$ cat work_12.cif   # mmCIF, C-alpha atoms
data_entry
#
loop_
_atom_site.label_atom_id
_atom_site.label_comp_id
_atom_site.auth_asym_id
_atom_site.auth_seq_id
_atom_site.Cartn_x
_atom_site.Cartn_y
_atom_site.Cartn_z
CA MET A 1 -98.19 16.43 189.59
CA LYS A 2 -94.81 16.73 191.25
CA LEU A 3 -94.08 14.97 194.52
CA SER A 4 -93.65 16.77 197.83
CA ASP A 5 -91.32 15.93 200.70
CA VAL A 6 -94.35 15.08 202.81
CA ALA A 7 -95.76 12.66 200.21
CA VAL A 8 -92.43 10.89 199.90
CA ARG A 9 -91.95 10.66 203.65
CA GLN A 10 -95.46 9.36 204.30
CA ALA A 11 -95.52 6.79 201.48
CA LYS A 12 -96.11 3.36 203.01
CA ALA A 13 -95.48 -0.11 201.60
CA LYS A 14 -98.49 -2.03 200.31
CA ASP A 15 -99.11 -5.64 199.36
CA LYS A 16 -97.67 -4.93 195.93
CA PRO A 17 -94.91 -2.52 194.87
CA TYR A 18 -96.16 0.80 193.47
CA LYS A 19 -94.75 3.98 191.95
CA LEU A 20 -95.10 7.66 192.83
CA ALA A 21 -94.30 9.83 189.80
CA ASP A 22 -92.51 13.16 190.10
CA GLY A 23 -92.73 14.15 186.41
CA THR A 24 -90.21 13.96 183.51
CA GLY A 25 -89.85 10.23 184.20
CA LEU A 26 -88.52 10.34 187.77
CA TYR A 27 -90.44 8.11 190.18
CA LEU A 28 -90.26 6.60 193.65
CA LEU A 29 -90.67 2.82 193.77
CA VAL A 30 -92.18 1.76 197.10
CA ASN A 31 -92.13 -1.85 198.28
CA THR A 32 -91.73 -3.79 201.50
CA LYS A 33 -87.93 -3.46 201.36
CA GLY A 34 -87.80 0.33 201.04
CA LYS A 35 -88.18 3.34 198.75
CA TYR A 36 -86.09 3.61 195.58
CA TRP A 37 -85.60 6.49 193.15
CA ARG A 38 -85.78 5.21 189.58
CA TYR A 39 -86.02 6.36 185.97
CA ASP A 40 -87.00 4.19 183.00
CA TYR A 41 -85.57 5.22 179.62
CA ARG A 42 -84.85 3.86 176.16
CA PHE A 43 -81.40 3.87 174.59
CA ASP A 44 -80.51 2.20 171.28
CA ASP A 45 -84.07 0.83 171.20
CA LYS A 46 -83.57 -0.95 174.53
CA ARG A 47 -85.54 -0.28 177.71
CA LYS A 48 -83.30 0.43 180.69
CA THR A 49 -83.74 1.56 184.29
CA VAL A 50 -81.33 3.78 186.19
CA SER A 51 -81.38 3.91 189.99
CA TYR A 52 -80.60 7.09 191.93
CA GLY A 53 -80.45 5.42 195.34
CA THR A 54 -82.81 4.93 198.27
CA TYR A 55 -84.90 7.35 200.26
CA PRO A 56 -84.16 8.93 202.76
CA VAL A 57 -80.42 8.63 201.96
CA ILE A 58 -81.22 10.37 198.67
CA THR A 59 -83.70 13.15 199.29
CA LEU A 60 -86.30 14.33 196.80
CA ALA A 61 -84.16 17.36 195.93
CA ALA A 62 -81.04 15.23 195.46
CA ALA A 63 -82.93 12.74 193.28
CA ARG A 64 -84.14 15.57 191.07
CA GLU A 65 -80.57 16.85 190.60
CA LEU A 66 -79.32 13.38 189.70
CA HIS A 67 -82.24 13.00 187.30
CA ILE A 68 -81.38 16.26 185.52
CA ASP A 69 -77.78 15.05 185.02
CA VAL A 70 -78.98 11.75 183.57
CA LYS A 71 -81.39 13.49 181.19
CA ARG A 72 -78.51 15.69 179.98
CA GLN A 73 -76.38 12.60 179.31
CA ILE A 74 -79.10 10.96 177.26
CA ALA A 75 -79.68 14.17 175.30
CA SER A 76 -75.95 14.18 174.51
CA GLY A 77 -76.09 10.61 173.20
CA ILE A 78 -74.55 9.03 176.31
CA ASP A 79 -76.07 5.93 177.90
CA PRO A 80 -76.02 6.70 181.66
CA MET A 81 -75.95 3.03 182.64
CA ALA A 82 -73.00 2.35 180.34
CA GLN A 83 -71.30 5.50 181.64
CA ARG A 84 -71.70 4.34 185.24
CA LYS A 85 -70.35 0.93 184.36
CA ALA A 86 -67.34 2.49 182.65
CA GLU A 87 -66.64 4.78 185.61
CA LYS A 88 -66.94 1.90 188.05
CA MET A 89 -64.57 -0.17 185.94
CA ALA A 90 -62.07 2.69 185.85
CA ASP A 91 -62.02 2.86 189.66
CA ALA A 92 -60.15 -0.45 189.84
CA LEU A 93 -57.16 -1.65 187.86
CA THR A 94 -59.10 -4.27 185.98
CA PHE A 95 -58.19 -5.21 182.43
CA GLY A 96 -61.11 -3.05 181.33
CA ALA A 97 -59.80 -0.06 183.28
CA VAL A 98 -56.32 -0.53 181.89
CA ALA A 99 -57.81 -0.78 178.40
CA GLN A 100 -59.46 2.61 178.90
CA LYS A 101 -56.13 4.17 179.85
CA TRP A 102 -54.40 2.51 176.90
CA PHE A 103 -57.15 3.72 174.57
CA GLN A 104 -56.78 7.33 175.70
CA HIS A 105 -53.04 7.08 175.05
CA TRP A 106 -53.44 5.31 171.68
CA LYS A 107 -56.28 7.16 169.98
CA PRO A 108 -55.05 10.79 169.48
CA ASN A 109 -53.38 10.14 166.10
CA LYS A 110 -56.13 7.82 164.84
CA THR A 111 -59.23 8.76 162.88
CA GLU A 112 -62.38 9.06 164.97
CA LYS A 113 -64.07 6.35 162.94
CA HIS A 114 -61.20 3.89 163.36
CA ALA A 115 -60.82 4.59 167.09
CA SER A 116 -64.55 4.14 167.69
CA GLU A 117 -64.53 0.82 165.83
CA VAL A 118 -61.55 -0.48 167.83
CA TRP A 119 -63.26 0.39 171.13
CA ARG A 120 -66.58 -1.07 169.97
CA ARG A 121 -64.92 -4.36 169.11
CA LEU A 122 -63.22 -4.51 172.52
CA GLU A 123 -66.60 -3.99 174.16
CA LEU A 124 -68.14 -6.76 172.06
CA ASP A 125 -65.34 -9.32 171.97
CA ILE A 126 -63.03 -8.82 174.95
CA PHE A 127 -64.59 -7.00 177.91
CA PRO A 128 -67.41 -9.50 178.59
CA ALA A 129 -64.78 -12.19 179.27
CA LEU A 130 -61.76 -10.22 180.50
CA GLY A 131 -62.95 -6.73 181.43
CA SER A 132 -63.52 -7.36 185.16
CA ILE A 133 -60.34 -9.39 185.77
CA PRO A 134 -57.62 -7.48 187.69
CA ALA A 135 -54.92 -6.70 185.14
CA ASP A 136 -52.16 -8.09 187.36
CA GLU A 137 -54.04 -11.40 187.69
CA LEU A 138 -54.78 -11.91 184.00
CA THR A 139 -53.43 -15.20 182.69
CA ALA A 140 -52.43 -16.37 179.24
CA ALA A 141 -55.04 -19.13 179.51
CA GLN A 142 -57.85 -16.60 180.06
CA VAL A 143 -56.76 -14.59 177.04
CA ARG A 144 -56.41 -17.76 174.97
CA ASP A 145 -59.93 -18.92 175.82
CA CYS A 146 -61.36 -15.49 174.96
CA ILE A 147 -59.57 -15.38 171.60
CA LYS A 148 -60.53 -18.98 170.77
CA ALA A 149 -64.18 -18.10 171.43
CA ILE A 150 -63.94 -15.35 168.81
CA GLU A 151 -62.34 -17.75 166.34
CA ALA A 152 -65.05 -20.35 167.04
CA ARG A 153 -67.70 -18.09 165.56
CA GLY A 154 -65.73 -17.91 162.30
CA ALA A 155 -64.09 -14.52 162.91
CA LEU A 156 -60.45 -15.53 162.46
CA ASP A 157 -59.17 -12.12 161.36
CA ILE A 158 -60.93 -10.41 164.27
CA ALA A 159 -59.45 -12.98 166.68
CA LYS A 160 -55.93 -12.18 165.46
CA ARG A 161 -56.48 -8.43 165.74
CA GLN A 162 -57.97 -8.73 169.22
CA LEU A 163 -55.03 -10.82 170.42
CA GLN A 164 -52.76 -8.05 169.17
CA LYS A 165 -54.85 -5.40 170.95
CA CYS A 166 -54.80 -7.37 174.22
CA SER A 167 -51.02 -7.49 174.04
CA GLN A 168 -50.83 -3.74 173.39
CA ILE A 169 -53.08 -3.06 176.38
CA MET A 170 -51.04 -5.21 178.74
CA ARG A 171 -47.78 -3.76 177.43
CA HIS A 172 -49.18 -0.34 178.35
CA ALA A 173 -50.14 -1.68 181.79
CA VAL A 174 -46.61 -2.91 182.46
CA ALA A 175 -45.05 0.33 181.22
CA HIS A 176 -47.23 2.36 183.60
CA ASP A 177 -46.95 0.13 186.70
CA MET A 178 -50.50 -1.18 186.42
CA ALA A 179 -49.30 -4.79 186.02
CA THR A 180 -46.05 -6.63 186.62
CA ARG A 181 -45.96 -8.54 183.34
CA ASN A 182 -47.72 -9.04 180.02
CA PRO A 183 -49.09 -12.61 179.88
CA VAL A 184 -50.26 -12.11 176.29
CA SER A 185 -46.62 -12.05 175.19
CA ASP A 186 -46.59 -15.80 175.95
CA ILE A 187 -49.10 -16.38 173.14
CA GLN A 188 -48.22 -16.39 169.46
CA PRO A 189 -51.16 -16.31 167.02
CA SER A 190 -49.81 -19.41 165.28
CA ASP A 191 -49.91 -21.30 168.60
CA ILE A 192 -53.66 -20.99 169.08
CA LEU A 193 -55.17 -19.94 165.75
CA PRO A 194 -55.18 -21.69 162.36
CA ALA A 195 -53.47 -20.10 159.39
CA ARG A 196 -55.80 -17.97 157.33
CA LYS A 197 -56.64 -19.51 154.00
CA LYS A 198 -55.28 -17.17 151.39
CA ARG A 199 -58.03 -15.77 149.25
CA ASN A 200 -57.24 -16.20 145.60
CA TYR A 201 -58.99 -13.57 143.52
CA ALA A 202 -59.77 -14.59 139.97
CA ARG A 203 -57.55 -12.84 137.48
CA ILE A 204 -56.67 -13.25 133.85
CA ASP A 205 -53.25 -14.13 132.50
CA ALA A 206 -51.15 -11.25 131.23
CA LYS A 207 -51.63 -12.50 127.66
CA ASP A 208 -55.38 -11.84 127.97
CA LEU A 209 -54.98 -8.25 129.14
CA PRO A 210 -55.08 -6.65 125.64
CA GLN A 211 -58.50 -8.16 124.92
CA LEU A 212 -59.83 -7.17 128.36
CA LEU A 213 -58.80 -3.56 127.77
CA ARG A 214 -60.57 -3.55 124.41
CA ASP A 215 -63.67 -5.13 125.98
CA ILE A 216 -63.71 -2.42 128.65
CA ASP A 217 -63.44 0.34 126.04
CA ALA A 218 -66.37 -1.20 124.15
CA TYR A 219 -68.54 -1.73 127.26
CA THR A 220 -72.03 -0.23 126.88
CA GLY A 221 -73.52 -1.05 130.28
CA GLY A 222 -73.05 2.44 131.68
CA GLU A 223 -70.63 5.33 131.25
CA HIS A 224 -69.64 5.54 134.93
CA THR A 225 -68.98 1.80 135.04
CA ARG A 226 -66.86 1.83 131.88
CA LEU A 227 -64.78 4.76 133.16
CA ALA A 228 -64.46 3.09 136.58
CA LEU A 229 -62.99 -0.01 134.93
CA GLN A 230 -60.60 2.12 132.89
CA LEU A 231 -59.43 4.00 135.98
CA MET A 232 -59.07 0.74 137.92
CA ALA A 233 -56.81 -0.65 135.20
CA LEU A 234 -54.71 2.53 135.28
CA THR A 235 -54.39 2.82 139.07
CA PHE A 236 -54.92 -0.78 140.33
CA VAL A 237 -56.41 0.43 143.60
CA ARG A 238 -58.77 -1.77 145.61
CA THR A 239 -62.38 -1.78 144.46
CA GLY A 240 -63.62 -0.16 147.67
CA GLU A 241 -61.04 2.61 147.37
CA LEU A 242 -62.11 3.30 143.78
CA ILE A 243 -65.88 3.35 144.15
CA GLY A 244 -65.76 5.46 147.33
CA ALA A 245 -63.57 8.16 145.75
CA ARG A 246 -64.61 11.77 146.38
CA TRP A 247 -63.63 14.72 144.23
CA GLU A 248 -61.99 16.44 147.20
CA GLU A 249 -59.35 13.68 147.25
CA PHE A 250 -57.91 14.69 143.87
CA ASP A 251 -55.22 17.30 143.21
CA PHE A 252 -55.25 17.79 139.45
CA ASP A 253 -52.37 20.29 139.49
CA ALA A 254 -50.09 17.87 141.33
CA ALA A 255 -51.56 14.88 139.44
CA ARG A 256 -52.20 13.02 142.68
CA TRP A 257 -55.07 11.19 144.31
CA THR A 258 -54.81 10.89 148.09
CA VAL A 259 -57.08 8.22 149.53
CA PRO A 260 -57.69 9.14 153.19
CA ALA A 261 -56.71 6.75 155.98
CA GLU A 262 -60.27 5.91 156.99
CA ARG A 263 -60.94 4.45 153.52
CA MET A 264 -57.77 2.37 153.40
CA LYS A 265 -57.46 -1.25 154.45
CA MET A 266 -54.22 -0.45 156.29
CA ARG A 267 -55.69 2.70 157.91
CA THR A 268 -52.96 4.96 156.53
CA PRO A 269 -53.38 7.45 153.67
CA HIS A 270 -52.43 6.29 150.19
CA ILE A 271 -51.09 8.50 147.40
CA VAL A 272 -51.81 7.47 143.82
CA PRO A 273 -49.76 9.37 141.21
CA LEU A 274 -52.04 10.05 138.25
CA SER A 275 -50.86 9.46 134.71
CA THR A 276 -52.03 11.73 131.91
CA GLN A 277 -54.36 8.91 130.85
CA ALA A 278 -55.88 8.69 134.34
CA LEU A 279 -56.37 12.46 134.41
CA ALA A 280 -58.17 12.24 131.06
CA VAL A 281 -60.57 9.63 132.47
CA LEU A 282 -61.21 11.84 135.51
CA GLN A 283 -61.98 14.82 133.27
CA LYS A 284 -64.66 12.75 131.55
CA LEU A 285 -66.06 11.80 134.94
CA GLN A 286 -66.09 15.44 136.05
CA ALA A 287 -68.34 16.25 133.12
CA LEU A 288 -70.80 13.67 134.51
CA SER A 289 -70.56 14.71 138.18
CA TYR A 290 -73.19 17.52 138.26
CA GLY A 291 -71.90 18.69 141.62
CA ARG A 292 -72.17 15.29 143.32
CA PRO A 293 -69.39 14.53 145.85
CA PHE A 294 -68.67 10.98 144.69
CA VAL A 295 -66.65 10.33 141.55
CA PHE A 296 -68.74 7.20 140.96
CA PRO A 297 -72.23 8.03 142.28
CA ALA A 298 -74.87 5.34 142.69
CA ASP A 299 -77.39 5.20 139.86
CA THR A 300 -80.21 4.75 142.40
CA GLY A 301 -80.50 8.48 143.03
CA LYS A 302 -79.33 8.03 146.62
CA PRO A 303 -76.48 10.26 147.89
CA THR A 304 -73.90 7.47 147.94
CA HIS A 305 -71.42 5.75 145.62
CA MET A 306 -71.81 2.82 143.27
CA SER A 307 -71.89 -0.70 144.66
CA ASN A 308 -68.93 -3.06 144.90
CA ASN A 309 -70.85 -5.47 142.71
CA THR A 310 -71.11 -2.97 139.87
CA ILE A 311 -67.51 -3.65 138.84
CA LEU A 312 -67.84 -7.40 139.28
CA TYR A 313 -71.10 -7.71 137.34
CA ALA A 314 -69.73 -5.60 134.51
CA LEU A 315 -66.86 -8.07 134.17
CA TYR A 316 -69.42 -10.89 134.21
CA ARG A 317 -71.36 -9.28 131.38
CA MET A 318 -68.18 -9.01 129.34
CA GLY A 319 -67.63 -12.76 129.72
CA TYR A 320 -65.07 -12.77 132.54
CA ARG A 321 -67.07 -14.59 135.23
CA GLY A 322 -64.64 -16.75 137.20
CA ARG A 323 -61.72 -15.28 135.25
CA MET A 324 -61.40 -11.71 136.50
CA THR A 325 -62.44 -9.51 139.42
CA GLY A 326 -61.80 -5.91 140.35
CA HIS A 327 -59.07 -7.10 142.69
CA GLY A 328 -57.55 -9.04 139.82
CA PHE A 329 -56.23 -5.83 138.23
CA ARG A 330 -53.84 -5.53 141.19
CA GLY A 331 -52.38 -8.98 140.67
CA VAL A 332 -51.99 -8.51 136.92
CA ALA A 333 -50.29 -5.13 137.38
CA SER A 334 -47.96 -6.50 140.07
CA THR A 335 -46.92 -9.45 137.91
CA ILE A 336 -46.21 -7.39 134.81
CA LEU A 337 -44.44 -4.54 136.62
CA HIS A 338 -42.17 -7.01 138.40
CA GLU A 339 -41.42 -8.74 135.09
CA GLN A 340 -40.54 -5.37 133.59
CA GLY A 341 -37.98 -4.78 136.33
CA TRP A 342 -39.62 -2.07 138.39
CA PRO A 343 -38.36 -2.05 142.00
CA HIS A 344 -40.35 -4.35 144.27
CA GLU A 345 -40.57 -1.68 146.97
CA HIS A 346 -42.11 0.85 144.56
CA ILE A 347 -44.69 -1.68 143.38
CA GLU A 348 -45.60 -2.73 146.93
CA LEU A 349 -46.01 0.89 148.02
CA GLN A 350 -48.24 1.57 145.04
CA LEU A 351 -50.33 -1.46 145.93
CA ALA A 352 -50.56 -0.04 149.49
CA HIS A 353 -49.00 -3.19 150.88
CA GLN A 354 -47.37 -1.19 153.67
CA GLU A 355 -45.78 -2.71 156.70
CA ARG A 356 -48.31 -3.37 159.42
CA ASP A 357 -46.19 -1.45 161.89
CA GLU A 358 -48.26 1.72 162.36
CA THR A 359 -45.31 4.08 162.81
CA SER A 360 -43.49 3.14 159.61
CA ALA A 361 -46.74 2.86 157.63
CA ALA A 362 -47.65 6.43 158.55
CA TYR A 363 -44.58 7.68 156.65
CA ASN A 364 -44.19 5.08 153.91
CA HIS A 365 -47.19 6.27 151.89
CA ALA A 366 -45.17 9.30 150.73
CA LEU A 367 -41.97 7.43 149.85
CA TYR A 368 -40.59 7.31 146.29
CA LEU A 369 -43.36 9.47 144.88
CA ALA A 370 -41.32 10.70 141.92
CA GLN A 371 -40.27 7.17 141.03
CA ARG A 372 -43.81 5.85 141.48
CA ALA A 373 -45.19 8.65 139.28
CA LYS A 374 -42.75 7.60 136.56
CA MET A 375 -43.82 3.97 136.97
CA MET A 376 -47.52 4.81 136.79
CA GLN A 377 -47.05 6.89 133.63
CA ALA A 378 -45.07 4.06 132.03
CA TRP A 379 -47.83 1.63 133.05
CA ALA A 380 -50.50 3.80 131.42
CA GLN A 381 -48.50 4.04 128.20
CA TYR A 382 -47.97 0.28 128.30
CA LEU A 383 -51.74 -0.24 128.48
CA ASP A 384 -52.19 2.08 125.49
CA VAL A 385 -49.84 -0.13 123.49
CA LEU A 386 -51.72 -3.27 124.54
CA ARG A 387 -54.98 -1.89 123.20
CA VAL A 388 -53.67 -1.98 119.64
CA GLU A 389 -51.23 -4.89 119.81
CA ASN A 390 -51.86 -8.55 120.61
CA VAL A 391 -48.24 -9.20 121.54
CA ILE A 392 -47.26 -8.22 125.09
CA PRO A 393 -44.37 -5.74 124.79
CA MET A 394 -41.62 -6.11 127.38
CA VAL A 395 -40.86 -2.53 128.38
CA ARG A 396 -38.04 -2.49 130.93
CA ALA A 397 -38.04 -0.05 133.81
#
$ encode --input "work_12.cif" --output "structure tokens"
Amino acid sequence: MKLSDVAVRQAKAKDKPYKLADGTGLYLLVNTKGKYWRYDYRFDDKRKTVSYGTYPVITLAAARELHIDVKRQIASGIDPMAQRKAEKMADALTFGAVAQKWFQHWKPNKTEKHASEVWRRLELDIFPALGSIPADELTAAQVRDCIKAIEARGALDIAKRQLQKCSQIMRHAVAHDMATRNPVSDIQPSDILPARKKRNYARIDAKDLPQLLRDIDAYTGGEHTRLALQLMALTFVRTGELIGARWEEFDFDAARWTVPAERMKMRTPHIVPLSTQALAVLQKLQALSYGRPFVFPADTGKPTHMSNNTILYALYRMGYRGRMTGHGFRGVASTILHEQGWPHEHIELQLAHQERDETSAAYNHALYLAQRAKMMQAWAQYLDVLRVENVIPMVRA
């Protein structure tokens, strides 16, 4: 039964607090301190309570209108409490408010997935410690302590990225008269964070490549896996980029594979010129696709791609445990191509080792395509020679 103005007005405090329900979750909490409009809801599997204010400042009619707005927000996937917190933060020039303004300026040319992840990490890692501090009062010591706390939980790479984001936010604040200086510029990552231990991926010596290629060709553990290994050798992309490939990314007429930005480590698109040998492998894979979107579908029947471990375990079964990984193809290709005299810049671009500067990286992926296509075709022909010869031929660029 819905409440009436009379019932709300005449409600008196009792020994214990009690509720008067108005329907659809809205209720009036009555206690010795006053009357409060409330609504209990669940969001992300958490129970939360939103307050609409006190009676009689907020009338029954006004509470109902506020309640309708909140229900609409929840139906749209918006947490009303989080929304209120964000709006309150934006009212003052706190670091959190400045971050919101920076984010709106920064995100238009980013993928939705990447932008959402950046904001989520700020909410998790930065805002609890720095979000409520006035931007113009933020100190280098406060930022340092926040970043060191991230590092202390073993998240060194995240700590470095978050330090970079904090600097970008404060640079934006200074540029738009929301702060007088950027204290984060006083901090260099090397001053407060340890150097990242370089991960050394197992990889064979170049002299062992002919036998590996023959072992791959003879692999009987699954057609998709064998073809995946062949394509990895021909393209030396990262394992995640290979196994997540979709047919829509391939242009067979142009002999190109464009890996979209959201699937790339550097968050910029990557163009892989396809040799005739790579195209032949893809044609075999097409015959096995049966309309599925992934080039390398999972063998579980689920609508996803094969696992990262599929490549690794296949190499294990062939006897390469501790000697070779999917990532190892990249190192082997880089070493041999450099020895053959191919330009370092072409090799680095093909490995997608772009500059970390976002502006230059956005354009670099399309540089030297003709030269890289020539290099990739020469690489494929070089691998063909290795399959039948035990001596490593030195083909110069």
$ residues_around --input "work_12.cif" --residues "region 304-318 of chain A" --least-positions-apart "5" --cutoff "10 Å" --atoms "all atoms listed in the file" --output "PyMOL selection string"
chain A and resi 212+215-216+218-222+224-226+228-229+232+239-240+242-246+292-299+323-327
$ write_last_selection --input "work_12.cif" --atoms "C-alpha atoms" --output "compact mmCIF listing (two decimals), keeping the file's coordinate frame"
# COMPACT_ATOMS: atom_id res chain seq x y z
CA LEU A 212 -59.83 -7.17 128.36
CA ASP A 215 -63.67 -5.13 125.98
CA ILE A 216 -63.71 -2.42 128.65
CA ALA A 218 -66.37 -1.20 124.15
CA TYR A 219 -68.54 -1.73 127.26
CA THR A 220 -72.03 -0.23 126.88
CA GLY A 221 -73.52 -1.05 130.28
CA GLY A 222 -73.05 2.44 131.68
CA HIS A 224 -69.64 5.54 134.93
CA THR A 225 -68.98 1.80 135.04
CA ARG A 226 -66.86 1.83 131.88
CA ALA A 228 -64.46 3.09 136.58
CA LEU A 229 -62.99 -0.01 134.93
CA MET A 232 -59.07 0.74 137.92
CA THR A 239 -62.38 -1.78 144.46
CA GLY A 240 -63.62 -0.16 147.67
CA LEU A 242 -62.11 3.30 143.78
CA ILE A 243 -65.88 3.35 144.15
CA GLY A 244 -65.76 5.46 147.33
CA ALA A 245 -63.57 8.16 145.75
CA ARG A 246 -64.61 11.77 146.38
CA ARG A 292 -72.17 15.29 143.32
CA PRO A 293 -69.39 14.53 145.85
CA PHE A 294 -68.67 10.98 144.69
CA VAL A 295 -66.65 10.33 141.55
CA PHE A 296 -68.74 7.20 140.96
CA PRO A 297 -72.23 8.03 142.28
CA ALA A 298 -74.87 5.34 142.69
CA ASP A 299 -77.39 5.20 139.86
CA ARG A 323 -61.72 -15.28 135.25
CA MET A 324 -61.40 -11.71 136.50
CA THR A 325 -62.44 -9.51 139.42
CA GLY A 326 -61.80 -5.91 140.35
CA HIS A 327 -59.07 -7.10 142.69
$ atom_distance --input "work_12.cif" --atom1 "CA of Phe236 (chain A)" --atom2 "CA of Thr111 (chain A)"
24.9 Å
$ resolve_selection --input "work_12.cif" --expression "the PyMOL selection byres ((chain A and resi 170) around 9)" --output "ChimeraX atom specification"
/A:95,98-99,102,135,165-169,171-175,178-179,181-185
$ residues_around --input "work_12.cif" --residues "Val259 (chain A)" --least-positions-apart "3" --cutoff "9 Å" --atoms "all atoms listed in the file" --output "list of chain:residue names"
A:Glu241, A:Ala245, A:Arg246, A:Glu249, A:Phe250, A:Glu262, A:Arg263, A:Met264, A:Thr268, A:Pro269, A:His270, A:Ile271, A:Val272
$ write_last_selection --input "work_12.cif" --atoms "C-alpha atoms" --output "PDB file, in the coordinates of the input"
ATOM      1  CA  GLU A 241     -61.040   2.610 147.370  1.00  0.00           C
ATOM      2  CA  ALA A 245     -63.570   8.160 145.750  1.00  0.00           C
ATOM      3  CA  ARG A 246     -64.610  11.770 146.380  1.00  0.00           C
ATOM      4  CA  GLU A 249     -59.350  13.680 147.250  1.00  0.00           C
ATOM      5  CA  PHE A 250     -57.910  14.690 143.870  1.00  0.00           C
ATOM      6  CA  GLU A 262     -60.270   5.910 156.990  1.00  0.00           C
ATOM      7  CA  ARG A 263     -60.940   4.450 153.520  1.00  0.00           C
ATOM      8  CA  MET A 264     -57.770   2.370 153.400  1.00  0.00           C
ATOM      9  CA  THR A 268     -52.960   4.960 156.530  1.00  0.00           C
ATOM     10  CA  PRO A 269     -53.380   7.450 153.670  1.00  0.00           C
ATOM     11  CA  HIS A 270     -52.430   6.290 150.190  1.00  0.00           C
ATOM     12  CA  ILE A 271     -51.090   8.500 147.400  1.00  0.00           C
ATOM     13  CA  VAL A 272     -51.810   7.470 143.820  1.00  0.00           C
TER      14      VAL A 272
END
$ atom_distance --input "work_12.cif" --atom1 "CA of Gln73 (chain A)" --atom2 "CA of Leu122 (chain A)"
22.6 Å
$ resolve_selection --input "work_12.cif" --expression "the PyMOL selection byres ((chain A and resi 13-20) around 9)" --output "PyMOL selection string"
chain A and resi 3+7-8+11-12+21-22+26-35
$ resolve_selection --input "work_12.cif" --expression "the PyMOL selection byres ((chain A and resi 273) around 8)" --output "count of residues only"
11
